[in-house]
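Novice: Sharing run_29.cif below, mmCIF, C-alpha atoms, pLDDT in the B column; chains and numbers go by the auth columns:
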data_query
#
loop_
_atom_site.group_PDB
_atom_site.id
_atom_site.type_symbol
_atom_site.label_atom_id
_atom_site.label_comp_id
_atom_site.label_asym_id
_atom_site.label_seq_id
_atom_site.Cartn_x
_atom_site.Cartn_y
_atom_site.Cartn_z
_atom_site.B_iso_or_equiv
_atom_site.auth_seq_id
_atom_site.auth_asym_id
ATOM 1 C CA LEU A 1 0.000 0.000 0.000 83.00 34 K
ATOM 2 C CA VAL A 2 1.593 3.238 -1.138 85.00 35 K
ATOM 3 C CA GLN A 3 0.088 6.608 -0.330 85.00 36 K
ATOM 4 C CA CYS A 4 1.163 9.701 -2.261 85.00 37 K
ATOM 5 C CA ASP A 5 0.116 13.193 -1.305 84.00 38 K
ATOM 6 C CA GLY A 6 0.995 16.773 -2.033 86.00 39 K
ATOM 7 C CA ALA A 7 1.272 18.734 -5.251 90.00 40 K
ATOM 8 C CA GLY A 8 2.866 15.969 -7.328 91.00 41 K
ATOM 9 C CA ALA A 9 0.848 13.072 -5.901 88.00 42 K
ATOM 10 C CA ALA A 10 -0.762 11.964 -9.188 88.00 43 K
ATOM 11 C CA ILE A 11 2.559 11.863 -11.051 93.00 44 K
ATOM 12 C CA GLU A 12 4.251 10.131 -8.131 91.00 45 K
ATOM 13 C CA ALA A 13 1.448 7.525 -7.962 90.00 46 K
ATOM 14 C CA GLU A 14 1.865 6.799 -11.669 92.00 47 K
ATOM 15 C CA GLN A 15 5.618 6.309 -11.195 94.00 48 K
ATOM 16 C CA VAL A 16 5.070 3.990 -8.221 90.00 49 K
ATOM 17 C CA ALA A 17 2.546 1.934 -10.197 92.00 50 K
ATOM 18 C CA ARG A 18 5.000 1.645 -13.097 93.00 51 K
ATOM 19 C CA VAL A 19 7.786 0.441 -10.796 92.00 52 K
ATOM 20 C CA LEU A 20 5.575 -2.078 -8.991 90.00 53 K
ATOM 21 C CA ALA A 21 3.750 -3.473 -12.015 92.00 54 K
ATOM 22 C CA PRO A 22 6.459 -5.891 -13.247 93.00 55 K
ATOM 23 C CA THR A 23 6.575 -7.821 -9.964 90.00 56 K
ATOM 24 C CA ALA A 24 3.091 -7.280 -8.516 88.00 57 K
ATOM 25 C CA THR A 25 0.103 -9.570 -8.850 91.00 58 K
ATOM 26 C CA SER A 26 -2.008 -6.462 -9.356 90.00 59 K
ATOM 27 C CA VAL A 27 -1.630 -2.712 -9.024 90.00 60 K
ATOM 28 C CA GLU A 28 -4.578 -0.470 -8.346 87.00 61 K
ATOM 29 C CA THR A 29 -4.619 3.286 -7.922 87.00 62 K
ATOM 30 C CA THR A 30 -7.293 5.691 -6.866 88.00 63 K
ATOM 31 C CA ALA A 31 -7.768 9.396 -6.460 85.00 64 K
ATOM 32 C CA ASP A 32 -11.121 8.830 -4.728 91.00 65 K
ATOM 33 C CA PRO A 33 -10.770 9.812 -1.045 89.00 66 K
ATOM 34 C CA VAL A 34 -13.412 7.299 0.065 94.00 67 K
ATOM 35 C CA GLU A 35 -11.691 4.414 -1.717 92.00 68 K
ATOM 36 C CA ALA A 36 -8.306 5.600 -0.447 90.00 69 K
ATOM 37 C CA GLU A 37 -9.625 5.592 3.119 92.00 70 K
ATOM 38 C CA SER A 38 -10.926 2.063 2.598 91.00 71 K
ATOM 39 C CA LEU A 39 -7.442 0.928 1.526 88.00 72 K
ATOM 40 C CA LEU A 40 -5.857 2.621 4.541 88.00 73 K
ATOM 41 C CA ALA A 41 -8.413 0.893 6.780 92.00 74 K
ATOM 42 C CA ALA A 42 -7.186 -2.433 5.405 87.00 75 K
ATOM 43 C CA ARG A 43 -3.626 -1.498 6.460 85.00 76 K
ATOM 44 C CA ARG A 44 -4.865 -0.614 9.937 90.00 77 K
ATOM 45 C CA LEU A 45 -6.417 -4.083 10.201 93.00 78 K
ATOM 46 C CA ALA A 46 -3.090 -5.835 9.609 91.00 79 K
ATOM 47 C CA LEU A 47 -2.258 -6.031 13.327 91.00 80 K
ATOM 48 C CA PRO A 48 -5.688 -7.341 14.387 94.00 81 K
ATOM 49 C CA ALA A 49 -5.326 -9.961 11.643 94.00 82 K
ATOM 50 C CA LEU A 50 -1.953 -11.024 13.101 94.00 83 K
ATOM 51 C CA GLU A 51 -3.482 -11.170 16.582 94.00 84 K
ATOM 52 C CA ARG A 52 -5.724 -13.953 15.291 94.00 85 K
ATOM 53 C CA LEU A 53 -2.582 -16.007 14.556 95.00 86 K
ATOM 54 C CA GLY A 54 -1.022 -15.622 18.015 95.00 87 K
ATOM 55 C CA ARG A 55 0.543 -13.069 20.332 93.00 88 K
ATOM 56 C CA PRO A 56 2.301 -10.419 18.251 93.00 89 K
ATOM 57 C CA LEU A 57 5.506 -8.877 19.543 88.00 90 K
ATOM 58 C CA ILE A 58 5.351 -5.510 17.855 83.00 91 K
ATOM 59 C CA GLU A 59 8.771 -4.242 16.969 85.00 92 K
ATOM 60 C CA ASP A 60 10.183 -1.505 14.853 89.00 93 K
ATOM 61 C CA ILE A 61 13.569 -0.946 13.354 93.00 94 K
ATOM 62 C CA ALA A 62 14.692 1.662 10.873 94.00 95 K
ATOM 63 C CA VAL A 63 17.216 1.313 8.081 95.00 96 K
ATOM 64 C CA PRO A 64 18.323 3.635 5.295 95.00 97 K
ATOM 65 C CA ARG A 65 15.640 3.569 2.582 91.00 98 K
ATOM 66 C CA SER A 66 18.206 2.307 0.093 93.00 99 K
ATOM 67 C CA ARG A 67 18.548 -0.848 2.241 94.00 100 K
ATOM 68 C CA LEU A 68 14.842 -1.596 2.783 93.00 101 K
ATOM 69 C CA ALA A 69 14.633 -4.452 0.291 91.00 102 K
ATOM 70 C CA GLU A 70 17.768 -6.029 1.751 95.00 103 K
ATOM 71 C CA ALA A 71 16.322 -5.734 5.265 96.00 104 K
ATOM 72 C CA VAL A 72 13.040 -7.371 4.245 94.00 105 K
ATOM 73 C CA ARG A 73 14.884 -10.252 2.528 95.00 106 K
ATOM 74 C CA GLU A 74 17.106 -10.766 5.564 98.00 107 K
ATOM 75 C CA ILE A 75 14.143 -10.700 7.969 97.00 108 K
ATOM 76 C CA ARG A 76 12.448 -13.377 5.853 97.00 109 K
ATOM 77 C CA ALA A 77 15.631 -15.492 6.054 98.00 110 K
ATOM 78 C CA ILE A 78 15.870 -14.974 9.841 98.00 111 K
ATOM 79 C CA SER A 79 12.254 -16.081 10.206 97.00 112 K
ATOM 80 C CA ALA A 80 12.908 -19.246 8.211 98.00 113 K
ATOM 81 C CA ARG A 81 16.223 -20.008 9.936 98.00 114 K
ATOM 82 C CA HIS A 82 14.645 -19.902 13.405 98.00 115 K
ATOM 83 C CA ASP A 83 11.249 -21.288 12.353 97.00 116 K
ATOM 84 C CA VAL A 84 9.625 -18.234 13.925 96.00 117 K
ATOM 85 C CA PRO A 85 6.822 -16.447 12.097 97.00 118 K
ATOM 86 C CA VAL A 86 7.799 -12.837 11.384 97.00 119 K
ATOM 87 C CA TYR A 87 5.449 -10.568 9.443 95.00 120 K
ATOM 88 C CA THR A 88 6.954 -7.304 8.236 93.00 121 K
ATOM 89 C CA LEU A 89 4.937 -4.132 7.740 89.00 122 K
ATOM 90 C CA ALA A 90 6.620 -0.848 6.900 85.00 123 K
ATOM 91 C CA HIS A 91 6.542 2.889 6.586 83.00 124 K
ATOM 92 C CA ALA A 92 8.836 2.607 3.607 79.00 125 K
ATOM 93 C CA ALA A 93 9.174 6.328 2.978 80.00 126 K
ATOM 94 C CA ASP A 94 11.085 6.786 6.221 84.00 127 K
ATOM 95 C CA GLY A 95 12.838 3.411 6.347 86.00 128 K
ATOM 96 C CA ASN A 96 10.775 2.222 9.300 92.00 129 K
ATOM 97 C CA LEU A 97 10.021 -1.514 9.366 93.00 130 K
ATOM 98 C CA HIS A 98 7.772 -3.417 11.741 93.00 131 K
ATOM 99 C CA PRO A 99 9.001 -7.009 11.876 94.00 132 K
ATOM 100 C CA ILE A 100 6.278 -8.548 14.033 95.00 133 K
ATOM 101 C CA ILE A 101 7.123 -11.861 15.654 96.00 134 K
ATOM 102 C CA VAL A 102 4.049 -13.967 16.397 96.00 135 K
ATOM 103 C CA VAL A 103 4.224 -16.509 19.232 95.00 136 K
ATOM 104 C CA ASP A 104 1.819 -18.957 20.805 94.00 137 K
ATOM 105 C CA PRO A 105 -0.213 -16.982 23.381 92.00 138 K
ATOM 106 C CA ALA A 106 -0.376 -20.037 25.666 93.00 139 K
ATOM 107 C CA LEU A 107 3.364 -19.883 26.343 93.00 140 K
ATOM 108 C CA ASP A 108 4.359 -18.301 29.649 91.00 141 K
ATOM 109 C CA ARG A 109 7.618 -16.953 28.245 91.00 142 K
ATOM 110 C CA LEU A 110 9.089 -15.978 24.920 89.00 143 K
ATOM 111 C CA PRO A 111 10.673 -19.035 23.250 95.00 144 K
ATOM 112 C CA ASP A 112 14.438 -19.010 22.776 95.00 145 K
ATOM 113 C CA ALA A 113 14.008 -19.140 18.983 96.00 146 K
ATOM 114 C CA ALA A 114 11.971 -15.914 19.115 95.00 147 K
ATOM 115 C CA TRP A 115 14.688 -14.206 21.212 93.00 148 K
ATOM 116 C CA GLU A 116 17.341 -15.364 18.759 95.00 149 K
ATOM 117 C CA ALA A 117 15.326 -14.138 15.780 96.00 150 K
ATOM 118 C CA ALA A 118 14.747 -10.776 17.486 93.00 151 K
ATOM 119 C CA GLY A 119 18.459 -10.448 18.238 93.00 152 K
ATOM 120 C CA GLU A 120 19.358 -11.125 14.612 96.00 153 K
ATOM 121 C CA ILE A 121 16.767 -8.604 13.410 95.00 154 K
ATOM 122 C CA PHE A 122 18.159 -5.914 15.717 94.00 155 K
ATOM 123 C CA ALA A 123 21.739 -6.725 14.701 94.00 156 K
ATOM 124 C CA LEU A 124 20.619 -6.530 11.060 96.00 157 K
ATOM 125 C CA ALA A 125 19.246 -3.026 11.568 95.00 158 K
ATOM 126 C CA LEU A 126 22.537 -1.847 13.042 95.00 159 K
ATOM 127 C CA ARG A 127 24.615 -3.636 10.380 96.00 160 K
ATOM 128 C CA LEU A 128 22.625 -1.904 7.630 97.00 161 K
ATOM 129 C CA GLY A 129 23.327 1.516 9.173 95.00 162 K
ATOM 130 C CA GLY A 130 19.979 1.782 10.917 94.00 163 K
ATOM 131 C CA THR A 131 18.642 1.906 14.430 93.00 164 K
ATOM 132 C CA LEU A 132 16.882 -0.379 16.915 91.00 165 K
ATOM 133 C CA THR A 133 13.781 1.772 16.875 86.00 166 K
ATOM 134 C CA GLY A 134 12.202 4.055 14.340 80.00 167 K
ATOM 135 C CA GLU A 135 9.251 5.274 16.362 79.00 168 K
ATOM 136 C CA HIS A 136 8.257 3.117 19.346 74.00 169 K
ATOM 137 C CA GLY A 137 11.331 3.383 21.550 73.00 170 K
ATOM 138 C CA VAL A 138 13.458 0.669 23.074 77.00 171 K
ATOM 139 C CA GLY A 139 11.025 -0.940 25.504 73.00 172 K
ATOM 140 C CA VAL A 140 11.648 -4.129 27.430 72.00 173 K
ATOM 141 C CA LEU A 141 12.369 -6.479 24.526 72.00 174 K
ATOM 142 C CA LYS A 142 15.185 -4.397 23.010 80.00 175 K
ATOM 143 C CA ARG A 143 16.874 -3.135 26.152 79.00 176 K
ATOM 144 C CA GLN A 144 19.642 -5.738 26.029 80.00 177 K
ATOM 145 C CA TRP A 145 20.712 -4.399 22.601 84.00 178 K
ATOM 146 C CA VAL A 146 20.814 -0.674 23.467 84.00 179 K
ATOM 147 C CA ALA A 147 24.500 -0.702 24.369 83.00 180 K
ATOM 148 C CA ASP A 148 25.308 -2.235 20.970 86.00 181 K
ATOM 149 C CA GLU A 149 23.741 0.726 19.211 87.00 182 K
ATOM 150 C CA LEU A 150 24.877 3.509 21.519 87.00 183 K
ATOM 151 C CA GLY A 151 28.402 2.333 22.227 88.00 184 K
ATOM 152 C CA PRO A 152 29.970 2.405 25.687 90.00 185 K
ATOM 153 C CA THR A 153 30.485 6.176 25.954 94.00 186 K
ATOM 154 C CA ALA A 154 26.951 7.243 25.002 90.00 187 K
ATOM 155 C CA HIS A 155 25.425 4.401 27.009 86.00 188 K
ATOM 156 C CA ALA A 156 27.379 5.440 30.117 91.00 189 K
ATOM 157 C CA LEU A 157 26.299 9.060 29.572 93.00 190 K
ATOM 158 C CA GLN A 158 22.641 8.037 29.430 86.00 191 K
ATOM 159 C CA ARG A 159 23.032 6.064 32.652 86.00 192 K
ATOM 160 C CA ARG A 160 24.664 9.066 34.368 92.00 193 K
ATOM 161 C CA LEU A 161 21.833 11.343 33.187 91.00 194 K
ATOM 162 C CA LYS A 162 19.271 8.886 34.547 88.00 195 K
ATOM 163 C CA GLU A 163 21.085 8.824 37.894 90.00 196 K
ATOM 164 C CA ALA A 164 21.250 12.645 37.974 93.00 197 K
ATOM 165 C CA PHE A 165 17.497 13.034 37.433 92.00 198 K
ATOM 166 C CA ASP A 166 16.450 9.911 39.349 91.00 199 K
ATOM 167 C CA PRO A 167 19.000 9.288 42.113 92.00 200 K
ATOM 168 C CA ARG A 168 16.629 7.003 44.044 91.00 201 K
ATOM 169 C CA GLY A 169 15.716 4.907 40.960 87.00 202 K
ATOM 170 C CA ILE A 170 11.965 5.464 41.334 90.00 203 K
ATOM 171 C CA LEU A 171 11.189 6.598 37.789 86.00 204 K
ATOM 172 C CA ASN A 172 10.377 3.628 35.547 80.00 205 K
ATOM 173 C CA PRO A 173 11.915 1.162 38.032 79.00 206 K
ATOM 174 C CA GLY A 174 13.438 -2.067 36.738 69.00 207 K
ATOM 175 C CA LYS A 175 14.126 -0.650 33.305 69.00 208 K
ATOM 176 C CA THR A 176 17.507 -0.212 31.709 64.00 209 K
ATOM 177 C CA LEU A 177 17.557 3.584 31.671 63.00 210 K
#
Represent the structure from my file as structure tokens, please.

Specialist:
Amino acid sequence: LVQCDGAGAAIEAEQVARVLAPTATSVETTADPVEAESLLAARRLALPALERLGRPLIEDIAVPRSRLAEAVREIRAISARHDVPVYTLAHAADGNLHPIIVVDPALDRLPDAAWEAAGEIFALALRLGGTLTGEHGVGVLKRQWVADELGPTAHALQRRLKEAFDPRGILNPGKTL
């Protein structure tokens, strides 16, 4: 689903359709706002659809736009290698990917294979010149990889800032920073 807006939206949409056509099953375009909203609604339903398959672990990474295709291919390979379902949605225009790992909701903990897949996905983002998070922040799942992205100096600085503003450790207790 590609959304174009602004003064050159029609021309941009035509270019996108031309680029996608050779490899797509079908390409449809619309300038009708009602139909466009219907298509966007379908995108918004992607997560509820995944929730029907299991418990989604919603993640986000960001990579340079020029490396998006490579990232998607690698995520697919990581999913296969660990036999862990990973469904990738994206905000392609800003390089933001949502590789969503889906696990059995009956499990009381995240399986090792899911942790390993997540670790490889996060390492992939950094290797491609990206970041662990494009919009949702680090959270609990990614906290063990923060030091890899920040490096020891910046990570130590963040810890010192946290200690300066929260000397008793009462703000967001039990979290990394």

Novice: Which is closer to K:Ile111 than all the others in K:Ala123, K:Ala79, K:Ala50, K:Ile154, using only C-alpha atoms?

Specialist: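 Selected residue with least distance to K:Ile111: K:Ile154.
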
Novice: Skipping near chain neighbours, those fewer than 6 positions away, what residues fall within 12 Å of K:His115 using all atoms listed in the file, listed as number ranges by chain?

Specialist: K: 108-109, 134, 144-154

Novice: If you measure from atom CA of K:Glu84 to atom CA of K:Phe155, what distance in Å do you get, rounded to one decimal?

Specialist: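 That distance, rounded to one decimal, is 22.3 Å.
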
Novice: In Å, with one decimal, what is the gap from atom CA of K:Asp137 to atom CA of K:Val119?

Specialist: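 According to the coordinates, atom CA of K:Asp137 and atom CA of K:Val119 are separated by 12.7 Å.
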
Novice: So the first atom is atom CA of K:Ala64 and the second is atom CA of K:Ala43; what is the distance between them in Å, to one decimal place?

Specialist: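 Separating atom CA of K:Ala64 from atom CA of K:Ala43 is a distance of 7.9 Å.
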
Novice: Which is closer to K:Gln36 than all the others in K:Leu157, K:Leu78, K:Val49, K:Val105, using only C-alpha atoms?

Specialist: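 Ranking K:Leu157, K:Leu78, K:Val49, K:Val105 by distance to K:Gln36, first place goes to K:Val49.
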
Novice: Restricting the calculation to all atoms listed in the file: of K:Arg142, K:Arg160, K:His131, K:Arg88, which residue gets closest to K:Arg100?

Specialist: K:Arg160

Novice: When the PyMOL selection byres ((chain K and resi 164) around 12) is applied to the file above, which residues end up in the set, as a PyMOL selection string?

Specialist: chain K and resi 92-97+128-130+154-163+165-171+175+178-183

Novice: For C-alpha atoms, I'd like the residues from the last selection saved as an mmCIF file, in the frame of the given file.

Specialist:
data_model
loop_
_atom_site.group_PDB
_atom_site.id
_atom_site.type_symbol
_atom_site.label_atom_id
_atom_site.label_comp_id
_atom_site.auth_asym_id
_atom_site.auth_seq_id
_atom_site.Cartn_x
_atom_site.Cartn_y
_atom_site.Cartn_z
ATOM 1 C CA GLU K 92 8.771 -4.242 16.969
ATOM 2 C CA ASP K 93 10.183 -1.505 14.853
ATOM 3 C CA ILE K 94 13.569 -0.946 13.354
ATOM 4 C CA ALA K 95 14.692 1.662 10.873
ATOM 5 C CA VAL K 96 17.216 1.313 8.081
ATOM 6 C CA PRO K 97 18.323 3.635 5.295
ATOM 7 C CA GLY K 128 12.838 3.411 6.347
ATOM 8 C CA ASN K 129 10.775 2.222 9.300
ATOM 9 C CA LEU K 130 10.021 -1.514 9.366
ATOM 10 C CA ILE K 154 16.767 -8.604 13.410
ATOM 11 C CA PHE K 155 18.159 -5.914 15.717
ATOM 12 C CA ALA K 156 21.739 -6.725 14.701
ATOM 13 C CA LEU K 157 20.619 -6.530 11.060
ATOM 14 C CA ALA K 158 19.246 -3.026 11.568
ATOM 15 C CA LEU K 159 22.537 -1.847 13.042
ATOM 16 C CA ARG K 160 24.615 -3.636 10.380
ATOM 17 C CA LEU K 161 22.625 -1.904 7.630
ATOM 18 C CA GLY K 162 23.327 1.516 9.173
ATOM 19 C CA GLY K 163 19.979 1.782 10.917
ATOM 20 C CA LEU K 165 16.882 -0.379 16.915
ATOM 21 C CA THR K 166 13.781 1.772 16.875
ATOM 22 C CA GLY K 167 12.202 4.055 14.340
ATOM 23 C CA GLU K 168 9.251 5.274 16.362
ATOM 24 C CA HIS K 169 8.257 3.117 19.346
ATOM 25 C CA GLY K 170 11.331 3.383 21.550
ATOM 26 C CA VAL K 171 13.458 0.669 23.074
ATOM 27 C CA LYS K 175 15.185 -4.397 23.010
ATOM 28 C CA TRP K 178 20.712 -4.399 22.601
ATOM 29 C CA VAL K 179 20.814 -0.674 23.467
ATOM 30 C CA ALA K 180 24.500 -0.702 24.369
ATOM 31 C CA ASP K 181 25.308 -2.235 20.970
ATOM 32 C CA GLU K 182 23.741 0.726 19.211
ATOM 33 C CA LEU K 183 24.877 3.509 21.519
#

Novice: Go through K:Asp199, K:Arg114, K:Thr62, K:Asp141 and flag the residue nearest K:Glu45, using all atoms listed in the file for the distances.

Specialist: K:Thr62
